[in-house]
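This report refers to the structure that appears directly beneath it.
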Amino acid sequence: MMQSLIEGFRAQLQKAQEIGKSLTFTAPNQPIQNVVIAGLGGSGIGGNLVESFMASGLKVPVTVSKTYTVPNFVSAHTLFIACSFSGNTEETLQALELVEQRGAKIFCVTSGGQLLEKAKSAGYDFAQIPNEAPCPRAFLGYSLTQLLYAFKGYKLSDTEFETAYTETLALLENDAADIQAKARELADAFYNHLPVVYADTHFGGVITRFQQQINENSKQLCHAHVFPEMNHNELVGWESGDSVRNKTAVLMIRSGLDHERVKIRMDICKNIFEEKAAKVIELEPKGASLITQSFYLIHLLDWVSFYLAEKNGVDPFQVNIIMHLKGELAKV
Ligand SMILES: O=P(O)(O)OC[C@H]1O[C@](O)(CO)[C@@H](O)[C@@H]1O
């Protein structure tokens with residue numbers, strides 16, 4: 001099941017564009033001065049990705065929120081985007097109730113549940129994405145594409161993304177075999193190790209997504225952090241603790257788009273990691289733009305999580321421990 005969902009990523013991006021192009025974005029009552037994107041887990045990571053994707057042409061600040069509350073600045077000048085694939089995540093629904101009281105402009109991205117009902121009954125703008133399986137993380141292509149069209153539709157960013165989609169679709173098709181080979185290699189490297197993933201800040205959402213996929217699909221811990229921030233704290237954490245360090249496999253994402261000073265920082269740190277970690281691997285994403293490189297990495301790293309699940313002998317689909325948590329929460 002998970003295998004076919006990952007295989008379908010390219011087709012998903014294509015269909016997602018069709019949905020995005022057909023959406024209606026109604027004029028807000030007040031000029032939009034800020035955006036809050038709310039969502040959890042696989043339904044929230046799209047917010048982090050879009051924040052990076054749109055950054056170069058953004059006209060207003062964007063906050064990504066992953067909890068029950070919303071920032072105090074939320075007002076009638078806010079565009080609030082509620083993103084929940086199931087439409088039933090309690091944190092997102094509670095945040096939505098709070099912003100309704102502040103008169104914010106609301107756009108919902110969902111496949112159904114209470115969020116879809118609310119969007120329809122309250123007359124909010126919304127994107128309904130297909131509900132082919134109960135697995136938000138496998139439908140990232142659908143949800144995040146609708147966020148991009150929302151930024152375009154509400155005229156909040158000048159960043160052009162459709163060319164990057166065309167480039168991505170060609171890349172994922174032409175490189176399918178190479179992506180498979182690289183993914184298997186990385187899964188072999190991570191097996192029985194703690195993956196520690198580093199990238200420049202513009203790939204922060206991508207590596208958080210990878211961490212989440214390793215957690216949910218492969219059922220193991222993973223750590224991700226960005227340059228240059230990690231140079232100012234986490235780097236010191238490599239100084240001692242051999243027993244832990246000997247279990248680490250460091251993955252460094254190296255892109256020609258990285259900041260010139262970050263490239264130098266990474267060169268220096270690579271030498272440090274090579275002394276301290278069990279393994280150090282570098283990965284260079286393909287594609288010309290940040291968006292294409294990000295999609296390339298997301299797809300490749302999704303496959304890594306799948307092959308690592310196979311090696312760990314676990315079902316990538318089930319998240320029993322989250323179901324247990326939800327069962328306990330429902331009693332309170
Ligand atoms: O809002 P959604 O689409 O239900 O999903 C949010 C997150 O919640 C979960 O469904 C589990 O609680 C995750 O798998 C998912 O990433």
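So you can find residues: chains in the structure tokens are A, B, ... in the order shown, residues in each start at 1, and ligands are numbered from 1 in order.
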
May I have the residues within 10 Å of Gly141 (chain A) as a PyMOL selection string, using only C-alpha atoms and disregarding those fewer than 4 positions away in the same chain?
chain A and resi 8-17+46+137+145-146+295+298-299

Just-selected residues, N, CA and C atoms written as a CSV table (one decimal), in the first residue's frame:
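This went into selection12.csv:
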chain,number,residue,atom,x,y,z
A,8,GLY,N,3.1,6.8,-6.6
A,8,GLY,CA,2.1,7.8,-7.2
A,8,GLY,C,2.4,9.2,-7.0
A,9,PHE,N,3.6,9.5,-6.4
A,9,PHE,CA,3.9,11.0,-6.0
A,9,PHE,C,3.8,11.9,-7.3
A,10,ARG,N,4.5,11.4,-8.3
A,10,ARG,CA,4.5,12.2,-9.6
A,10,ARG,C,3.1,12.5,-10.1
A,11,ALA,N,2.3,11.4,-10.2
A,11,ALA,CA,1.0,11.6,-10.7
A,11,ALA,C,0.2,12.5,-9.8
A,12,GLN,N,0.5,12.4,-8.5
A,12,GLN,CA,-0.3,13.2,-7.5
A,12,GLN,C,0.0,14.7,-7.7
A,13,LEU,N,1.3,15.0,-8.0
A,13,LEU,CA,1.6,16.4,-8.2
A,13,LEU,C,0.9,16.9,-9.5
A,14,GLN,N,0.7,16.1,-10.5
A,14,GLN,CA,0.0,16.5,-11.7
A,14,GLN,C,-1.5,16.7,-11.4
A,15,LYS,N,-2.1,15.8,-10.7
A,15,LYS,CA,-3.5,15.9,-10.4
A,15,LYS,C,-3.7,17.1,-9.4
A,16,ALA,N,-2.8,17.3,-8.5
A,16,ALA,CA,-2.9,18.4,-7.5
A,16,ALA,C,-2.9,19.7,-8.2
A,17,GLN,N,-2.1,19.8,-9.3
A,17,GLN,CA,-2.1,21.1,-10.1
A,17,GLN,C,-3.5,21.4,-10.7
A,46,GLY,N,3.6,20.7,4.9
A,46,GLY,CA,3.4,21.5,3.7
A,46,GLY,C,3.6,22.9,4.0
A,137,ARG,N,0.4,11.7,5.4
A,137,ARG,CA,1.7,11.9,4.9
A,137,ARG,C,2.0,11.4,3.5
A,145,THR,N,0.5,21.5,-2.8
A,145,THR,CA,0.2,22.2,-4.0
A,145,THR,C,-1.0,23.2,-3.8
A,146,GLN,N,-1.9,22.8,-3.0
A,146,GLN,CA,-3.1,23.8,-2.8
A,146,GLN,C,-2.6,25.0,-2.1
A,295,PHE,N,11.4,18.8,-4.2
A,295,PHE,CA,10.5,17.7,-4.6
A,295,PHE,C,11.4,16.4,-4.8
A,298,ILE,N,12.3,15.1,-1.4
A,298,ILE,CA,11.2,14.5,-0.7
A,298,ILE,C,10.9,13.1,-1.3
A,299,HIS,N,10.9,13.0,-2.6
A,299,HIS,CA,10.5,11.7,-3.2
A,299,HIS,C,11.6,10.7,-2.9

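When DSSP reads the backbone of this structure, the residues of region 197-332 of chain A it assigns to strand (DSSP E) are Val197, Tyr198, Ala199, Asp200, His223, Ala224, His225, Val226, Phe227, Thr248, Ala249, Val250, Leu251, Met252, Ile253, Lys279, Val280, Ile281, Glu282 and Leu283 of chain A.
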
Contacts to ligand 1 at 6 Å cut-off (only C-alpha atoms and all ligand atoms) as a PyMOL selection string:
chain A and resi 40-43+84-89+136-137+322

Exercise. Within 12 Å of Gly39 (chain A), counting only C-alpha atoms, which residues qualify if same-chain residues fewer than 5 places away don't, as number ranges by chain?
Worked result: A: 44-48, 63-70, 80-96, 108-110, 115, 136-137, 140, 143-144, 147

Discussion item. I'd like the neighbourhood of Asp125 (chain A) as number ranges by chain, where a residue qualifies if any of its atoms comes within 9 Å (using only C-alpha atoms), though same-chain residues fewer than 3 positions away should be ignored.
Written reply: A: 23-26, 105-108, 119-120

Output N, CA and C atoms for every residue in that selection, as a compact mmCIF listing (two decimals), in the first residue's frame.
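Resulting contents of out.txt:
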# COMPACT_ATOMS: atom_id res chain seq x y z
N LEU A 23 -9.44 26.11 -8.33
CA LEU A 23 -9.94 26.68 -7.07
C LEU A 23 -10.44 28.11 -7.25
N THR A 24 -11.37 28.48 -6.36
CA THR A 24 -11.88 29.86 -6.35
C THR A 24 -11.38 30.52 -5.07
N PHE A 25 -10.74 31.66 -5.24
CA PHE A 25 -10.27 32.41 -4.07
C PHE A 25 -11.06 33.72 -4.01
N THR A 26 -11.92 33.84 -3.01
CA THR A 26 -12.75 35.05 -2.92
C THR A 26 -11.96 36.17 -2.26
N LYS A 105 -9.61 35.85 7.44
CA LYS A 105 -9.99 35.22 6.17
C LYS A 105 -9.55 33.76 6.25
N ILE A 106 -10.43 32.82 5.89
CA ILE A 106 -10.11 31.41 6.11
C ILE A 106 -10.13 30.61 4.80
N PHE A 107 -9.07 29.81 4.65
CA PHE A 107 -8.98 28.88 3.51
C PHE A 107 -8.68 27.50 4.10
N CYS A 108 -9.43 26.48 3.68
CA CYS A 108 -9.24 25.13 4.24
C CYS A 108 -8.73 24.16 3.15
N ALA A 119 -16.14 24.16 6.38
CA ALA A 119 -15.83 25.04 5.25
C ALA A 119 -17.07 25.25 4.39
N LYS A 120 -17.82 24.16 4.18
CA LYS A 120 -19.02 24.27 3.34
C LYS A 120 -20.11 25.08 4.04

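The gap separating CA of Asp315 (chain A) from CA of Asn217 (chain A) is 7.3 Å, in Å to one decimal.
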
Going by DSSP on the backbone, which bits of region 40-128 of chain A are helix (DSSP H, G or I)? Write them as a PDB file with C-alpha atoms, in the first residue's frame, please.
ATOM      1  CA  GLY A  41       2.320  16.072  11.081  1.00  0.00           C
ATOM      2  CA  GLY A  42       1.883  15.080   7.452  1.00  0.00           C
ATOM      3  CA  SER A  43      -0.809  17.760   7.122  1.00  0.00           C
ATOM      4  CA  ILE A  45       4.754  19.934   6.939  1.00  0.00           C
ATOM      5  CA  GLY A  46       3.380  21.458   3.717  1.00  0.00           C
ATOM      6  CA  GLY A  47       3.282  24.776   5.591  1.00  0.00           C
ATOM      7  CA  ASN A  48       7.024  24.624   6.324  1.00  0.00           C
ATOM      8  CA  LEU A  49       7.798  23.691   2.734  1.00  0.00           C
ATOM      9  CA  VAL A  50       5.652  26.410   1.208  1.00  0.00           C
ATOM     10  CA  GLU A  51       7.158  29.002   3.530  1.00  0.00           C
ATOM     11  CA  SER A  52      10.563  28.215   1.936  1.00  0.00           C
ATOM     12  CA  PHE A  53       9.220  27.793  -1.603  1.00  0.00           C
ATOM     13  CA  MET A  54       7.456  31.173  -1.577  1.00  0.00           C
ATOM     14  CA  ALA A  55      10.085  33.082   0.402  1.00  0.00           C
ATOM     15  CA  SER A  56      11.782  34.809  -2.542  1.00  0.00           C
ATOM     16  CA  GLY A  57       8.565  36.547  -3.627  1.00  0.00           C
ATOM     17  CA  GLU A  90      -8.304  18.428  17.226  1.00  0.00           C
ATOM     18  CA  GLU A  91      -5.457  20.963  17.386  1.00  0.00           C
ATOM     19  CA  THR A  92      -6.270  22.365  13.912  1.00  0.00           C
ATOM     20  CA  LEU A  93     -10.016  22.489  14.603  1.00  0.00           C
ATOM     21  CA  GLN A  94      -9.504  24.342  17.882  1.00  0.00           C
ATOM     22  CA  ALA A  95      -7.144  26.856  16.263  1.00  0.00           C
ATOM     23  CA  LEU A  96      -9.776  27.422  13.572  1.00  0.00           C
ATOM     24  CA  GLU A  97     -12.412  28.216  16.210  1.00  0.00           C
ATOM     25  CA  LEU A  98     -10.107  30.839  17.698  1.00  0.00           C
ATOM     26  CA  VAL A  99      -9.429  32.587  14.389  1.00  0.00           C
ATOM     27  CA  GLU A 100     -13.137  32.609  13.531  1.00  0.00           C
ATOM     28  CA  GLN A 101     -13.641  34.849  16.567  1.00  0.00           C
ATOM     29  CA  GLY A 113     -14.289  15.258   8.050  1.00  0.00           C
ATOM     30  CA  GLN A 114     -15.381  18.140  10.256  1.00  0.00           C
ATOM     31  CA  LEU A 115     -13.159  20.643   8.447  1.00  0.00           C
ATOM     32  CA  LEU A 116     -14.873  20.070   5.109  1.00  0.00           C
ATOM     33  CA  GLU A 117     -18.305  20.284   6.728  1.00  0.00           C
ATOM     34  CA  LYS A 118     -17.355  23.530   8.412  1.00  0.00           C
ATOM     35  CA  ALA A 119     -15.828  25.042   5.254  1.00  0.00           C
ATOM     36  CA  LYS A 120     -19.019  24.273   3.336  1.00  0.00           C
ATOM     37  CA  SER A 121     -21.465  25.420   5.998  1.00  0.00           C
ATOM     38  CA  ALA A 122     -19.558  28.627   6.851  1.00  0.00           C
TER      39      ALA A 122
END
